[in-house]
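S.K.: Following this message is one structure expressed as structure tokens.
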Amino acid sequence: MHSDELLVEILVEELPAQALLNEYKEMPKKLHALFQKCTLEVGNIEIFYTPRRLCLLVKDFPLLTQETKEEFFGPPVKIACNHQDKTQGLNELGLGFYQKLGLKDHQHFQTAFKNNKEVLYHAKIHAKEPTKDLIMPIVLEFLEGLNFGKSMRWGSVEKSFIRPIHNICVLFNGENFNGIEVKEYGFKTKQATKVHRQEGFDFIQVDSPKAYFEVLEKNHVILDPKKREAKILQEIKELETKHNIIVEIDRDLLDEVVAITEYPSALLGEFDKAFLKLPSEIITTSMKENQRYFAAFNQKGQESPTLHNGFIVVSNAINKDKQKIIAGNQKVLKARLSDAVFFYENDLKKPLDNAPLESVVFVQGLGTLKDKMEREAIIAQYLTQKYASSLNMPLEKALELVGRAVRIAKADLLSEVVYEFSELQGIMGYYYALKQNENELVALSVKEQYLPASENAPLPSSVFSTIVALSLKLDSLFSLFSVGKIPSGSKDPFALRRLSFGLLKIVVHYGLEFDLKADLKNLFERVGVYQSFDLEILEKFLLERFNNLIDCNPSIIRSVLNTNERDIVKIIQKVKALKRFLDDPKNAQKKELLFSAFKRLANINKDRSPNESSEFSISLFKESQEHALFEAFNAIKTSAFESLDSKIEAYFGLHAPLEEYFKSVLVMDKDIEIQKNRKNFLWSVYQSFLEIGDIKEIAI
């Protein structure tokens, strides 16, 4: 037998769920790196967790290390030997090389060739060694390499960790790992584990991975988080069927309850129907954020399921009497929802007013939230005029309603409910606006101003809401860039990358005309209060987001962005059209022929300025191939194409006359006037291609 199963359990106090989940994704990679560092070839690695333990399981861990060879190269022989003669022995320099390696016999030294020079050489052979001696050092280095964001010290231990470590249990090949002193964390190892707290608090001895799994299973610890998740989902499904409800499975919440339980049980609790008068978001947010409950809705058959006065709590208890657990949770939730009713009713007594926002600083150097609102109002006015035809109402009415929406959009930030649940900003503004008889479009735009909140989140539901959302995003970009708060590396404290991506998604979704050069300049000048900065930096920042906006070969995106096109929608249209052309099977065989001609055209013009003249005269054409290319090119220039696809097809059809041109026409003619005319003609052809994309950038 050359390998055996290795199991390592790190027993700790309760791990914070979010910190554990974030670092858990990195654990396999970090463990693999440590094994590679020790040149260990291991089998399948699995990492399990519960709130009180991390478990590392390696199916085939080698019993012995591999035999390795370590090579050392010294100085050249001709300067390391006496009289440049190897038979005369080593001089002081040569002796020094071997002494550093701890070697005494220098008479029978070895040489090798390195970089075409004969040099002193020695090879150390490291024999196979038992791997059992490497396990604890690897585990301790693994623990030290984990990054949970925060750590703590306890007692007089040398090292810190996210929570105190109580034991490291190592089970491997019947070896004895008992009593190893781990000074760094203040304990001696035991080949033992602890089970569910309701089963007992003492250590239980285990002598093999098989025994370890049996002890946990018998004593209500489900080690595998996937099995805990499956148990929760199955029990929720059974509750749905039994009580004719549908449960909203929040992925983040599910991950969290899996991380805080060892033996989860899904239970259905209820709250007083009187609380349903609250906006549903208040109830579901309170349940999720304060209590980690899943919201329940009435039966699927309804077109728009309504909130049910029930909730799912996932308990870690193994009591047979579940009613006490349910009753306790119902009591806690009742208190929470009673507070929410109090906050909500207090908020309804206050008008939506921006005056208090004068005292709330937006960002240091950028004024107050009221200042931000006034900047957004100017941007919104510009966008309303620009997109008036998409609003289905008279411009005067649109300006009035959009202006009102922007003026009340931030008023809920000082409400009592939003103070308690910051996630509900905008959402509560919507409810308060409706209660105070604001226009429905205005109220909805307040709710949707922050959309999209994430990559796959919903977008604003109308162009009206879009104008309010874009105004917020554009002001945040202008403001923060103007005071140097530009994301760098992985740092993005104001989430400007996400905000920019959302801006682009909205514009593309509604097919709105927005030029990243002209419109940014116009808006910056119209608002007129931002500190001066180079707008090209912001333009470039937005262009960088296109790689995440469309699933496409990045070189195709780059080819379009390298042109003067800066309209967001047109950029996407050109990228998609180029992608369709290149993905078309009928073009598969001729791609290389197509690109060779066009890249040669690009190379001829690579040193020319975009502003250089492209004037040419056909009277100076001497070769038939020049006329043939001109006729094909002119036919395209004078055609009205039905679609961008047909235009691209036509332009790529120029590859044949281009190839003939390059075969027969000498661009660098001795006659300077003819040479200049040919260059200008090819420059004109190249410039026309830039209406589609910079073809030389595309990698096929």
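Identifiers in the structure tokens: chain A, B, ... in order shown; residue index from 1 per chain; ligand index from 1 in order shown.
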Need to verify the contact set: Val527 (chain A), 10 Å, only C-alpha atoms, exclusion of same-chain residues closer than 4 positions in sequence. Can you return it as number ranges by chain?
M.R.: A: 374-379, 382, 475, 478, 522-523
S.K.: Do you know which residues are at most 10 Å from Lys570 (chain A) counting only C-alpha atoms, after dropping those on the same chain fewer than 5 positions away, and could you put them as JSON, numbers by chain?
M.R.: {"A": [508, 511, 512, 513, 514, 515, 560, 565, 575, 576, 692]}
S.K.: Restrict the selected residues to N, CA, C and O atoms and save them as a PDB file, in the first residue's frame.
M.R.:
```pdb
ATOM      1  N   VAL A 508     -28.332  50.170 -23.095  1.00  0.00           N
ATOM      2  CA  VAL A 508     -28.432  49.160 -24.155  1.00  0.00           C
ATOM      3  C   VAL A 508     -29.830  48.540 -24.166  1.00  0.00           C
ATOM      4  O   VAL A 508     -30.426  48.333 -25.230  1.00  0.00           O
ATOM      5  N   GLY A 511     -32.152  50.889 -25.744  1.00  0.00           N
ATOM      6  CA  GLY A 511     -31.711  51.395 -27.040  1.00  0.00           C
ATOM      7  C   GLY A 511     -31.609  52.909 -27.086  1.00  0.00           C
ATOM      8  O   GLY A 511     -31.944  53.545 -28.093  1.00  0.00           O
ATOM      9  N   LEU A 512     -31.111  53.498 -26.004  1.00  0.00           N
ATOM     10  CA  LEU A 512     -31.037  54.956 -25.899  1.00  0.00           C
ATOM     11  C   LEU A 512     -29.742  55.479 -26.507  1.00  0.00           C
ATOM     12  O   LEU A 512     -28.671  54.892 -26.329  1.00  0.00           O
ATOM     13  N   GLU A 513     -29.853  56.583 -27.186  1.00  0.00           N
ATOM     14  CA  GLU A 513     -28.662  57.211 -27.768  1.00  0.00           C
ATOM     15  C   GLU A 513     -27.878  57.902 -26.654  1.00  0.00           C
ATOM     16  O   GLU A 513     -28.388  58.787 -25.963  1.00  0.00           O
ATOM     17  N   PHE A 514     -26.643  57.463 -26.466  1.00  0.00           N
ATOM     18  CA  PHE A 514     -25.792  58.113 -25.460  1.00  0.00           C
ATOM     19  C   PHE A 514     -24.346  57.973 -25.909  1.00  0.00           C
ATOM     20  O   PHE A 514     -23.813  56.875 -26.004  1.00  0.00           O
ATOM     21  N   ASP A 515     -23.721  59.108 -26.183  1.00  0.00           N
ATOM     22  CA  ASP A 515     -22.343  59.145 -26.678  1.00  0.00           C
ATOM     23  C   ASP A 515     -21.390  59.380 -25.512  1.00  0.00           C
ATOM     24  O   ASP A 515     -21.514  60.377 -24.788  1.00  0.00           O
ATOM     25  N   VAL A 560     -13.921  47.425 -32.239  1.00  0.00           N
ATOM     26  CA  VAL A 560     -14.939  48.479 -32.357  1.00  0.00           C
ATOM     27  C   VAL A 560     -14.582  49.671 -31.478  1.00  0.00           C
ATOM     28  O   VAL A 560     -14.723  50.828 -31.892  1.00  0.00           O
ATOM     29  N   GLU A 565     -16.243  55.426 -32.778  1.00  0.00           N
ATOM     30  CA  GLU A 565     -17.613  55.193 -32.321  1.00  0.00           C
ATOM     31  C   GLU A 565     -17.668  55.242 -30.801  1.00  0.00           C
ATOM     32  O   GLU A 565     -16.957  54.521 -30.116  1.00  0.00           O
ATOM     33  N   VAL A 575     -20.445  45.272 -32.534  1.00  0.00           N
ATOM     34  CA  VAL A 575     -19.780  44.090 -31.977  1.00  0.00           C
ATOM     35  C   VAL A 575     -20.586  42.837 -32.304  1.00  0.00           C
ATOM     36  O   VAL A 575     -20.041  41.820 -32.757  1.00  0.00           O
ATOM     37  N   LYS A 576     -21.893  42.897 -32.103  1.00  0.00           N
ATOM     38  CA  LYS A 576     -22.745  41.729 -32.357  1.00  0.00           C
ATOM     39  C   LYS A 576     -22.767  41.366 -33.843  1.00  0.00           C
ATOM     40  O   LYS A 576     -22.754  40.179 -34.201  1.00  0.00           O
ATOM     41  N   ILE A 692     -16.844  50.318 -39.204  1.00  0.00           N
ATOM     42  CA  ILE A 692     -17.281  49.041 -38.626  1.00  0.00           C
ATOM     43  C   ILE A 692     -16.401  48.671 -37.438  1.00  0.00           C
ATOM     44  O   ILE A 692     -16.878  48.423 -36.340  1.00  0.00           O
TER      45      ILE A 692
END
```
S.K.: Could you give me the residues within region 333-513 of chain A that DSSP places in helix (DSSP H, G or I), as a ChimeraX atom specification?
M.R.: /A:333-348,355-359,369-386,388-390,395-408,411-414,416-420,422-424,427-435,440-448,463-482,496-510
S.K.: Name the residues in contact with region 540-557 of chain A at a cut-off of 9 Å, using only C-alpha atoms, excluding same-chain residues fewer than 2 positions from it; report them as number ranges by chain.
M.R.: A: 497, 500-501, 504-505, 516, 535-538, 559-562, 566, 568, 571-572, 574-576, 578-579, 693-695, 697-700
S.K.: Counting only C-alpha atoms, what is within 10 Å of region 139-141 of chain A, bar same-chain residues fewer than 6 positions away, as a ChimeraX atom specification?
M.R.: /A:8-10,30-31,34,56,168,170,182,184-185
S.K.: Give me, as a ChimeraX atom specification, all polymer residues having an atom no more than 7 Å from Ile245 (chain A), counting only C-alpha atoms and skipping those fewer than 6 positions away in the same chain.
M.R.: /A:296-299
S.K.: Please produce a file of the residues just selected, as a PDB file, in the first residue's frame, where the atoms kept are N, CA and C atoms.
M.R.:
```pdb
ATOM      1  N   ALA A 296     -42.527  33.243   3.193  1.00  0.00           N
ATOM      2  CA  ALA A 296     -43.468  32.328   2.542  1.00  0.00           C
ATOM      3  C   ALA A 296     -44.550  33.139   1.836  1.00  0.00           C
ATOM      4  N   PHE A 297     -44.999  32.622   0.691  1.00  0.00           N
ATOM      5  CA  PHE A 297     -46.023  33.306  -0.098  1.00  0.00           C
ATOM      6  C   PHE A 297     -47.187  32.347  -0.331  1.00  0.00           C
ATOM      7  N   ASN A 298     -48.337  32.930  -0.660  1.00  0.00           N
ATOM      8  CA  ASN A 298     -49.520  32.115  -0.921  1.00  0.00           C
ATOM      9  C   ASN A 298     -49.348  31.330  -2.205  1.00  0.00           C
ATOM     10  N   GLN A 299     -50.174  30.326  -2.388  1.00  0.00           N
ATOM     11  CA  GLN A 299     -50.023  29.304  -3.439  1.00  0.00           C
ATOM     12  C   GLN A 299     -49.633  29.858  -4.804  1.00  0.00           C
TER      13      GLN A 299
END
```
S.K.: Which one of A:Ser286, A:Ser619, A:Thr384, A:Asn309 sits closest to Leu401 (chain A) if you count only C-alpha atoms?
M.R.: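 For Leu401 (chain A), the nearest of the given residues is A:Thr384.
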S.K.: Have a look at A:Phe630, A:Phe203, A:Phe641, A:Phe294 and name the one nearest to Ile618 (chain A); count only C-alpha atoms.
M.R.: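 Comparing A:Phe630, A:Phe203, A:Phe641, A:Phe294 against Ile618 (chain A), the winner is A:Phe630.
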